[in-house]
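Have a look at entry_38.cif below; it lists mmCIF, C-alpha atoms.
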data_structure
loop_
_atom_site.label_atom_id
_atom_site.label_comp_id
_atom_site.auth_asym_id
_atom_site.auth_seq_id
_atom_site.Cartn_x
_atom_site.Cartn_y
_atom_site.Cartn_z
CA MET A 891 102.50 -21.34 -7.02
CA LYS A 892 102.15 -20.38 -3.41
CA ALA A 893 99.19 -18.44 -2.05
CA THR A 894 99.16 -16.60 1.27
CA SER A 895 95.96 -15.05 2.59
CA ARG A 896 95.25 -12.46 5.26
CA SER A 897 92.13 -10.58 6.19
CA VAL A 898 91.87 -6.81 6.54
CA ASP A 899 88.35 -5.85 7.56
CA SER A 900 86.04 -7.02 4.77
CA VAL A 901 88.86 -7.66 2.30
CA GLU A 902 90.77 -10.88 1.80
CA ILE A 903 94.27 -10.11 0.55
CA ILE A 904 95.72 -13.07 -1.30
CA LYS A 905 99.39 -12.88 -2.22
CA LEU A 906 100.45 -15.15 -5.07
CA ASP A 907 104.06 -16.20 -5.55
CA GLY A 908 105.57 -18.19 -8.39
CA LYS A 909 104.09 -19.35 -11.67
CA ILE A 910 100.52 -19.16 -12.88
CA THR A 911 100.86 -21.31 -15.96
CA ILE A 912 99.10 -24.21 -17.59
CA GLY A 913 99.16 -27.20 -15.29
CA ALA A 914 101.12 -25.30 -12.62
CA GLY A 915 99.23 -22.64 -10.78
CA ASP A 916 96.15 -22.08 -12.90
CA GLN A 917 94.07 -24.68 -11.07
CA GLN A 918 95.54 -23.60 -7.75
CA LEU A 919 94.38 -20.06 -8.31
CA ARG A 920 90.86 -21.34 -8.97
CA GLU A 921 90.93 -23.33 -5.75
CA VAL A 922 92.23 -20.40 -3.71
CA ILE A 923 89.45 -18.16 -4.96
CA SER A 924 86.84 -20.87 -4.38
CA GLY A 925 88.15 -21.34 -0.85
CA ALA A 926 87.86 -17.65 -0.05
CA LEU A 927 84.33 -17.52 -1.41
CA ALA A 928 83.38 -20.61 0.56
CA ASN A 929 84.47 -18.78 3.69
CA GLY A 930 82.25 -15.86 2.82
CA ARG A 931 85.13 -13.65 1.72
CA THR A 932 83.80 -12.01 -1.43
CA ASN A 933 85.98 -8.91 -1.50
CA ILE A 934 89.33 -10.13 -2.79
CA LEU A 935 92.53 -8.25 -3.45
CA LEU A 936 95.06 -10.29 -5.39
CA ASP A 937 98.64 -9.21 -4.69
CA LEU A 938 100.55 -10.32 -7.78
CA SER A 939 103.96 -8.86 -6.92
CA GLY A 940 105.45 -12.32 -6.47
CA VAL A 941 104.23 -13.79 -9.75
CA THR A 942 107.29 -14.76 -11.77
CA THR A 943 105.66 -16.24 -14.87
CA ILE A 944 102.16 -16.20 -16.29
CA ASP A 945 100.84 -17.54 -19.58
CA SER A 946 97.52 -17.40 -21.42
CA SER A 947 96.09 -20.08 -19.12
CA GLY A 948 97.01 -17.99 -16.11
CA ILE A 949 95.50 -14.90 -17.69
CA GLY A 950 92.37 -16.93 -18.41
CA GLU A 951 92.23 -18.03 -14.81
CA LEU A 952 92.42 -14.42 -13.63
CA VAL A 953 89.47 -13.64 -15.91
CA GLY A 954 87.58 -16.67 -14.62
CA SER A 955 88.27 -15.65 -11.04
CA TYR A 956 86.99 -12.16 -11.72
CA THR A 957 83.78 -13.55 -13.20
CA THR A 958 83.28 -16.03 -10.37
CA VAL A 959 83.72 -13.40 -7.67
CA THR A 960 81.54 -10.86 -9.47
CA ASN A 961 78.78 -13.42 -9.94
CA ARG A 962 78.83 -14.00 -6.19
CA GLY A 963 78.26 -10.31 -5.60
CA GLY A 964 81.84 -9.64 -4.64
CA LYS A 965 84.75 -7.68 -6.04
CA LEU A 966 88.14 -8.85 -7.22
CA LYS A 967 90.89 -6.28 -7.67
CA LEU A 968 94.59 -6.51 -8.48
CA LEU A 969 97.56 -5.14 -6.55
CA HIS A 970 101.20 -4.71 -7.59
CA LEU A 971 101.09 -5.95 -11.17
CA PRO A 972 104.51 -7.08 -12.44
CA ALA A 973 105.48 -5.20 -15.61
CA LYS A 974 105.16 -8.16 -17.95
CA LEU A 975 101.77 -9.16 -16.59
CA ASN A 976 100.66 -5.57 -16.98
CA GLU A 977 101.68 -5.66 -20.65
CA LEU A 978 99.85 -8.94 -21.22
CA LEU A 979 96.67 -7.44 -19.80
CA HIS A 980 97.11 -4.33 -21.94
CA VAL A 981 97.47 -6.12 -25.29
CA THR A 982 94.39 -8.24 -24.61
CA GLN A 983 92.47 -5.16 -23.39
CA LEU A 984 91.79 -6.92 -20.10
CA ILE A 985 93.35 -3.99 -18.32
CA THR A 986 90.01 -2.28 -18.91
CA VAL A 987 88.26 -5.02 -16.94
CA PHE A 988 90.37 -5.11 -13.79
CA GLU A 989 90.83 -2.43 -11.17
CA VAL A 990 94.56 -2.28 -10.56
CA TYR A 991 96.35 -0.64 -7.64
CA ASP A 992 99.98 0.06 -6.80
CA ASN A 993 99.26 0.88 -3.18
CA GLU A 994 97.61 -1.50 -0.73
CA GLN A 995 95.94 1.21 1.35
CA ASP A 996 94.41 2.79 -1.73
CA ALA A 997 93.19 -0.61 -2.84
CA LEU A 998 91.61 -1.37 0.54
CA LYS A 999 89.81 1.97 0.61
CA SER A 1000 88.29 1.24 -2.80
CA PHE A 1001 86.21 -1.71 -1.59
CA MET Y 1241 123.65 -8.58 -32.08
CA GLN Y 1242 125.88 -11.27 -33.48
CA ASN Y 1243 125.88 -12.43 -37.05
CA GLY Y 1244 127.15 -15.97 -36.85
CA ASP Y 1245 126.92 -18.83 -39.30
CA GLY Y 1246 123.66 -19.97 -37.84
CA GLU Y 1247 122.40 -22.31 -35.21
CA ARG Y 1248 119.97 -25.19 -35.40
CA ILE Y 1249 118.54 -26.89 -32.33
CA GLU Y 1250 115.98 -29.67 -32.17
CA ILE Y 1251 114.25 -31.11 -29.14
CA THR Y 1252 111.49 -33.69 -28.87
CA ILE Y 1253 109.38 -33.91 -25.73
CA SER Y 1254 106.52 -36.08 -24.56
CA SER Y 1255 103.18 -34.37 -24.06
CA ARG Y 1256 103.52 -33.25 -20.46
CA PHE Y 1257 102.98 -29.68 -19.31
CA GLU Y 1258 106.12 -29.81 -17.18
CA ASN Y 1259 108.17 -30.14 -20.39
CA ILE Y 1260 107.00 -26.80 -21.75
CA GLU Y 1261 109.60 -24.87 -19.83
CA LEU Y 1262 112.43 -26.93 -21.33
CA VAL Y 1263 111.53 -25.67 -24.78
CA GLN Y 1264 110.90 -22.14 -23.56
CA VAL Y 1265 114.33 -21.96 -21.94
CA ILE Y 1266 116.03 -23.06 -25.16
CA ALA Y 1267 114.25 -20.28 -27.05
CA GLU Y 1268 115.22 -17.66 -24.51
CA HIS Y 1269 118.86 -18.74 -24.37
CA LEU Y 1270 119.14 -18.85 -28.14
CA CYS Y 1271 117.78 -15.31 -28.38
CA GLU Y 1272 120.00 -14.01 -25.61
CA ASN Y 1273 123.05 -15.63 -27.20
CA ALA Y 1274 122.14 -13.85 -30.44
CA GLY Y 1275 122.24 -10.56 -28.60
CA LEU Y 1276 118.56 -9.92 -27.96
CA ASP Y 1277 117.84 -8.25 -24.64
CA GLU Y 1278 116.15 -10.02 -21.74
CA ASP Y 1279 112.68 -8.63 -22.39
CA GLY Y 1280 112.80 -9.47 -26.07
CA SER Y 1281 113.99 -12.97 -25.32
CA HIS Y 1282 111.24 -13.38 -22.75
CA TRP Y 1283 108.47 -12.53 -25.21
CA ILE Y 1284 109.78 -14.96 -27.80
CA GLY Y 1285 110.04 -17.57 -25.06
CA MET Y 1286 106.43 -16.90 -24.20
CA ALA Y 1287 105.34 -17.37 -27.82
CA VAL Y 1288 107.11 -20.73 -27.73
CA ARG Y 1289 105.45 -21.61 -24.43
CA GLU Y 1290 102.02 -20.92 -25.89
CA ALA Y 1291 102.78 -22.93 -29.03
CA VAL Y 1292 104.02 -25.95 -27.10
CA ALA Y 1293 101.12 -25.78 -24.65
CA ASN Y 1294 98.67 -25.79 -27.57
CA ALA Y 1295 100.48 -28.72 -29.17
CA ILE Y 1296 100.30 -30.73 -25.94
CA LYS Y 1297 96.75 -29.83 -24.95
CA HIS Y 1298 94.85 -29.32 -28.20
CA GLY Y 1299 97.09 -31.23 -30.61
CA ASN Y 1300 98.18 -34.32 -28.73
CA LYS Y 1301 95.35 -34.04 -26.20
CA LEU Y 1302 97.67 -34.79 -23.28
CA ASP Y 1303 98.56 -38.23 -24.66
CA VAL Y 1304 102.07 -38.71 -23.25
CA ARG Y 1305 102.83 -41.27 -25.95
CA LYS Y 1306 102.58 -38.53 -28.52
CA LYS Y 1307 105.51 -36.22 -29.07
CA VAL Y 1308 106.02 -32.55 -29.68
CA GLN Y 1309 109.03 -31.60 -31.74
CA ALA Y 1310 110.52 -28.13 -31.56
CA THR Y 1311 113.08 -26.89 -34.08
CA PHE Y 1312 114.94 -23.62 -33.77
CA ASP Y 1313 116.79 -22.31 -36.80
CA LEU Y 1314 118.75 -19.10 -36.44
CA ARG Y 1315 120.31 -17.69 -39.61
CA GLY Y 1316 121.95 -14.37 -38.96
CA LEU Y 1317 119.23 -12.52 -37.12
CA ASP Y 1318 116.35 -14.44 -38.69
CA LEU Y 1319 114.84 -16.91 -36.25
CA THR Y 1320 112.47 -19.63 -37.41
CA ILE Y 1321 110.75 -21.81 -34.83
CA ALA Y 1322 108.72 -24.88 -35.76
CA ILE Y 1323 106.51 -26.71 -33.28
CA ALA Y 1324 105.04 -29.97 -34.55
CA ASP Y 1325 102.55 -32.27 -32.86
CA GLU Y 1326 100.78 -35.51 -33.75
CA GLY Y 1327 97.26 -34.17 -33.45
CA GLU Y 1328 94.40 -33.98 -35.90
CA GLY Y 1329 94.75 -30.30 -36.64
CA PHE Y 1330 92.22 -27.49 -36.57
CA ASP Y 1331 90.90 -24.67 -38.70
CA PRO Y 1332 92.87 -21.50 -37.88
CA GLU Y 1333 90.08 -19.45 -39.47
CA LYS Y 1334 87.76 -20.59 -36.70
CA VAL Y 1335 89.95 -19.26 -33.92
CA SER Y 1336 88.00 -16.45 -32.30
CA ASP Y 1337 89.31 -12.94 -31.78
CA PRO Y 1338 90.03 -12.48 -28.07
CA LEU Y 1339 89.67 -8.71 -28.44
CA SER Y 1340 86.07 -8.95 -29.59
CA PRO Y 1341 83.76 -7.72 -26.80
CA LYS Y 1342 81.87 -11.00 -26.85
CA ASN Y 1343 85.13 -12.90 -26.21
CA LEU Y 1344 86.84 -10.54 -23.80
CA MET Y 1345 85.76 -12.41 -20.68
CA LYS Y 1346 86.41 -15.89 -22.02
CA THR Y 1347 88.85 -17.94 -19.97
CA SER Y 1348 90.68 -19.32 -23.02
CA GLY Y 1349 91.58 -18.45 -26.59
CA ARG Y 1350 94.45 -16.02 -26.14
CA GLY Y 1351 97.44 -18.27 -26.90
CA ILE Y 1352 97.59 -17.75 -30.67
CA PHE Y 1353 96.91 -14.05 -30.17
CA TYR Y 1354 99.98 -13.77 -27.93
CA MET Y 1355 102.10 -15.69 -30.46
CA LYS Y 1356 101.08 -13.27 -33.20
CA THR Y 1357 101.81 -10.36 -30.92
CA PHE Y 1358 105.36 -11.42 -30.13
CA MET Y 1359 106.41 -12.87 -33.49
CA ASP Y 1360 106.60 -11.44 -37.02
CA GLN Y 1361 104.71 -14.28 -38.63
CA VAL Y 1362 102.76 -17.32 -37.45
CA ARG Y 1363 101.49 -19.95 -39.87
CA TYR Y 1364 100.18 -23.50 -39.66
CA SER Y 1365 100.44 -26.49 -41.93
CA PHE Y 1366 98.63 -29.78 -41.60
CA ALA Y 1367 100.00 -33.11 -42.77
CA PRO Y 1368 97.54 -35.37 -44.64
CA GLY Y 1369 98.14 -38.24 -42.24
CA GLY Y 1370 97.74 -36.09 -39.15
CA GLY Y 1371 99.98 -33.74 -37.29
CA THR Y 1372 100.09 -29.99 -37.10
CA SER Y 1373 103.17 -27.90 -37.71
CA LEU Y 1374 103.28 -24.34 -36.45
CA VAL Y 1375 106.01 -22.15 -37.89
CA MET Y 1376 106.83 -18.80 -36.33
CA THR Y 1377 109.41 -16.35 -37.59
CA LYS Y 1378 111.07 -13.35 -36.03
CA ASN Y 1379 113.77 -11.00 -37.20
CA LEU Y 1380 115.70 -10.24 -34.05
CA ALA Y 1381 117.04 -6.96 -35.43
CA ARG Y 1382 113.53 -5.50 -35.28
CA GLY Y 1383 113.37 -6.03 -31.58
CA THR Y 1384 110.38 -7.67 -30.10
CA GLY Y 1385 107.71 -7.21 -27.53
CA ILE Y 1386 104.33 -5.67 -27.47
CA ALA Y 1387 105.25 -2.10 -28.28
CA THR Y 1388 106.77 -3.06 -31.63
CA SER Y 1389 103.87 -5.20 -32.75
CA SER Y 1390 100.85 -3.89 -34.60
CA LYS Y 1391 99.40 -6.82 -36.47
CA HIS Y 1392 96.96 -9.59 -35.66
#

Serialized structure, structure tokens:
Amino acid sequence: MKATSRSVDSVEIIKLDGKITIGAGDQQLREVISGALANGRTNILLDLSGVTTIDSSGIGELVGSYTTVTNRGGKLKLLHLPAKLNELLHVTQLITVFEVYDNEQDALKSF
Amino acid sequence: MQNGDGERIEITISSRFENIELVQVIAEHLCENAGLDEDGSHWIGMAVREAVANAIKHGNKLDVRKKVQATFDLRGLDLTIAIADEGEGFDPEKVSDPLSPKNLMKTSGRGIFYMKTFMDQVRYSFAPGGGTSLVMTKNLARGTGIATSSKH
């Protein structure tokens, strides 16, 4: 997995590309989120448009990231969910947990 | 959909996460060759991914000396997939429901749920001397994917 970050005002936009699967991307995601928090960036928008594969470990890592950011007083929101990831969040009812956006400007305004 | 004489494929891997995709790809190709569409094949491949990941992590506990054996048996449109490890087994009744509000925010425990979502049937058997065998079945004529599934 590759992660690319950029800052827009108070929001850190992190674009993830590739796989978020067990042993390949799940730990990286945790490290990326920890890095942003360590830099004081607690409002995080995860752009998932480049995610090609995700499994239950990756889903679990998204949940863990959400909890970590929320516990630090921040917000973690999702942008550009791929269709299959969207379905995985729906069947596990996690779609009710995350704020999901299709448009970056709308997402930025929501923070 | 094709109704051939059947296909049987076996593969044995060592317990490394990077081997999961090998087994997943076999599942997806087998389904596509049987005429299932790309989405349907993907979801079955994901069920296989989850099963193999569990076998490596929870069954064989990442011991690379221990093997995971995957067997695919396609008879007509009936697909049976067996994933066997060398672990000590577990009690399926103790697997928590990931949809329960108290479990919703847990970071693990969704793998078996996804398998049950994508497949018609998921069952376990445990050998007396150790080793867990997971058997999943799917009738490819019924399609697959989340929208067609209603049981857990």

Chain Y near chain A within 9 Å: what's each residue's closest atom pair and its distance in Å to one decimal, counting all atoms listed in the file, ordered by chain then ascending residue number, as JSON lines?
{"residue": "Y:Phe1257", "atom": "CA", "partner": "A:Gly913", "partner_atom": "CA", "distance": 6.1}
{"residue": "Y:Glu1258", "atom": "CA", "partner": "A:Gly913", "partner_atom": "CA", "distance": 7.7}
{"residue": "Y:Asp1279", "atom": "CA", "partner": "A:Lys974", "partner_atom": "CA", "distance": 8.7}
{"residue": "Y:Met1286", "atom": "CA", "partner": "A:Asp945", "partner_atom": "CA", "distance": 7.3}
{"residue": "Y:Arg1289", "atom": "CA", "partner": "A:Asp945", "partner_atom": "CA", "distance": 7.8}
{"residue": "Y:Glu1290", "atom": "CA", "partner": "A:Ser946", "partner_atom": "CA", "distance": 7.3}
{"residue": "Y:Ala1293", "atom": "CA", "partner": "A:Ile912", "partner_atom": "CA", "distance": 7.5}
{"residue": "Y:Pro1338", "atom": "CA", "partner": "A:Thr982", "partner_atom": "CA", "distance": 7.0}
{"residue": "Y:Leu1339", "atom": "CA", "partner": "A:Thr982", "partner_atom": "CA", "distance": 6.1}
{"residue": "Y:Leu1344", "atom": "CA", "partner": "A:Leu984", "partner_atom": "CA", "distance": 7.2}
{"residue": "Y:Met1345", "atom": "CA", "partner": "A:Val953", "partner_atom": "CA", "distance": 6.2}
{"residue": "Y:Lys1346", "atom": "CA", "partner": "A:Gly950", "partner_atom": "CA", "distance": 7.0}
{"residue": "Y:Thr1347", "atom": "CA", "partner": "A:Gly950", "partner_atom": "CA", "distance": 4.0}
{"residue": "Y:Ser1348", "atom": "CA", "partner": "A:Gly950", "partner_atom": "CA", "distance": 5.5}
{"residue": "Y:Gly1349", "atom": "CA", "partner": "A:Ser946", "partner_atom": "CA", "distance": 7.9}
{"residue": "Y:Arg1350", "atom": "CA", "partner": "A:Ser946", "partner_atom": "CA", "distance": 5.8}
{"residue": "Y:Gly1351", "atom": "CA", "partner": "A:Ser946", "partner_atom": "CA", "distance": 5.5}
{"residue": "Y:Phe1353", "atom": "CA", "partner": "A:Thr982", "partner_atom": "CA", "distance": 8.4}
{"residue": "Y:Tyr1354", "atom": "CA", "partner": "A:Ser946", "partner_atom": "CA", "distance": 7.8}
{"residue": "Y:Thr1357", "atom": "CA", "partner": "A:Val981", "partner_atom": "CA", "distance": 8.3}
{"residue": "Y:Ile1386", "atom": "CA", "partner": "A:Val981", "partner_atom": "CA", "distance": 7.2}

Name the residues that the PyMOL selection byres ((chain Y and resi 1249-1253) around 7) picks from the file above, as a PDB file with C-alpha atoms, in the frame of the given file, using the file's chain letters and numbers.
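The result, stored in expr.pdb:
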ATOM      1  CA  GLU Y1247     122.400 -22.310 -35.210  1.00  0.00           C
ATOM      2  CA  ARG Y1248     119.970 -25.190 -35.400  1.00  0.00           C
ATOM      3  CA  SER Y1254     106.520 -36.080 -24.560  1.00  0.00           C
ATOM      4  CA  SER Y1255     103.180 -34.370 -24.060  1.00  0.00           C
ATOM      5  CA  ASN Y1259     108.170 -30.140 -20.390  1.00  0.00           C
ATOM      6  CA  LYS Y1307     105.510 -36.220 -29.070  1.00  0.00           C
ATOM      7  CA  VAL Y1308     106.020 -32.550 -29.680  1.00  0.00           C
ATOM      8  CA  GLN Y1309     109.030 -31.600 -31.740  1.00  0.00           C
ATOM      9  CA  ALA Y1310     110.520 -28.130 -31.560  1.00  0.00           C
ATOM     10  CA  THR Y1311     113.080 -26.890 -34.080  1.00  0.00           C
ATOM     11  CA  PHE Y1312     114.940 -23.620 -33.770  1.00  0.00           C
ATOM     12  CA  ASP Y1313     116.790 -22.310 -36.800  1.00  0.00           C
TER      13      ASP Y1313
END

Separation of CA of Ala997 (chain A) from CA of Leu969 (chain A), in Å and rounded to one decimal: 7.3 Å

Tell me, as a CSV table (one decimal) with C-alpha atoms, in the frame of the given file, which residues lie within 8 Å of Arg1363 (chain Y), counting all atoms listed in the file; anything in the same chain fewer than 3 positions away does not count.
chain,number,residue,atom,x,y,z
Y,1374,LEU,CA,103.3,-24.3,-36.4
Y,1375,VAL,CA,106.0,-22.2,-37.9
Y,1376,MET,CA,106.8,-18.8,-36.3

State, in Å with one decimal place, the distance from CA of Ala926 (chain A) to CA of Ile904 (chain A). 9.2 Å

Can you tell me how far CA of Asn976 (chain A) sits from CA of Lys905 (chain A), in Å to one decimal?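 Between CA of Asn976 (chain A) and CA of Lys905 (chain A) the gap is 16.5 Å.
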
Taking the file as I've supplied it (selection: the PyMOL selection byres ((chain Y and resi 1275) around 10)), which residues are included? Please answer as a list in words.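 That selection, the PyMOL selection byres ((chain Y and resi 1275) around 10), comes back as Met1241, Gln1242, Asn1243, His1269, Leu1270, Cys1271, Glu1272, Asn1273, Ala1274, Leu1276, Asp1277, Glu1278, Gly1280, Ser1281, Leu1317, Leu1380 and Ala1381 of chain Y.
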
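Comparing Y:Ser1365, Y:Ser1336, Y:Val1263, Y:Asp1325 by their smallest distance to Asp1303 (chain Y), the closest is Y:Asp1325 (using all atoms listed in the file).
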
Which of these, Y:Gly1246, Y:Ser1373, Y:Gly1285, Y:Thr1320, has the shortest distance to Gln1361 (chain Y) once you count only C-alpha atoms? Y:Thr1320

The PyMOL selection byres ((chain A and resi 896-901) around 10) applied to the shown file, residues as JSON, numbers by chain: {"A": [894, 895, 902, 903, 904, 905, 930, 931, 932, 933, 934, 935, 965, 966, 997, 998, 999, 1001]}

Nearest to Lys1378 (chain Y) among Y:Ile1352, Y:Val1288, Y:Val1304, Y:Val1335, with distances taken over all atoms listed in the file: which residue is it?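 Using all atoms listed in the file, the shortest distance to Lys1378 (chain Y) belongs to Y:Val1288.
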
Need to verify the contact set: Asn1379 (chain Y), 8 Å, only C-alpha atoms, exclusion of same-chain residues closer than 6 positions in sequence. Can you return it as an mmCIF file with C-alpha atoms, in the coordinates of the input?
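Now in around-v8.cif:
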data_model
loop_
_atom_site.group_PDB
_atom_site.id
_atom_site.type_symbol
_atom_site.label_atom_id
_atom_site.label_comp_id
_atom_site.auth_asym_id
_atom_site.auth_seq_id
_atom_site.Cartn_x
_atom_site.Cartn_y
_atom_site.Cartn_z
ATOM 1 C CA LEU Y 1317 119.230 -12.520 -37.120
ATOM 2 C CA ASP Y 1318 116.350 -14.440 -38.690
ATOM 3 C CA LEU Y 1319 114.840 -16.910 -36.250
ATOM 4 C CA ASP Y 1360 106.600 -11.440 -37.020
#
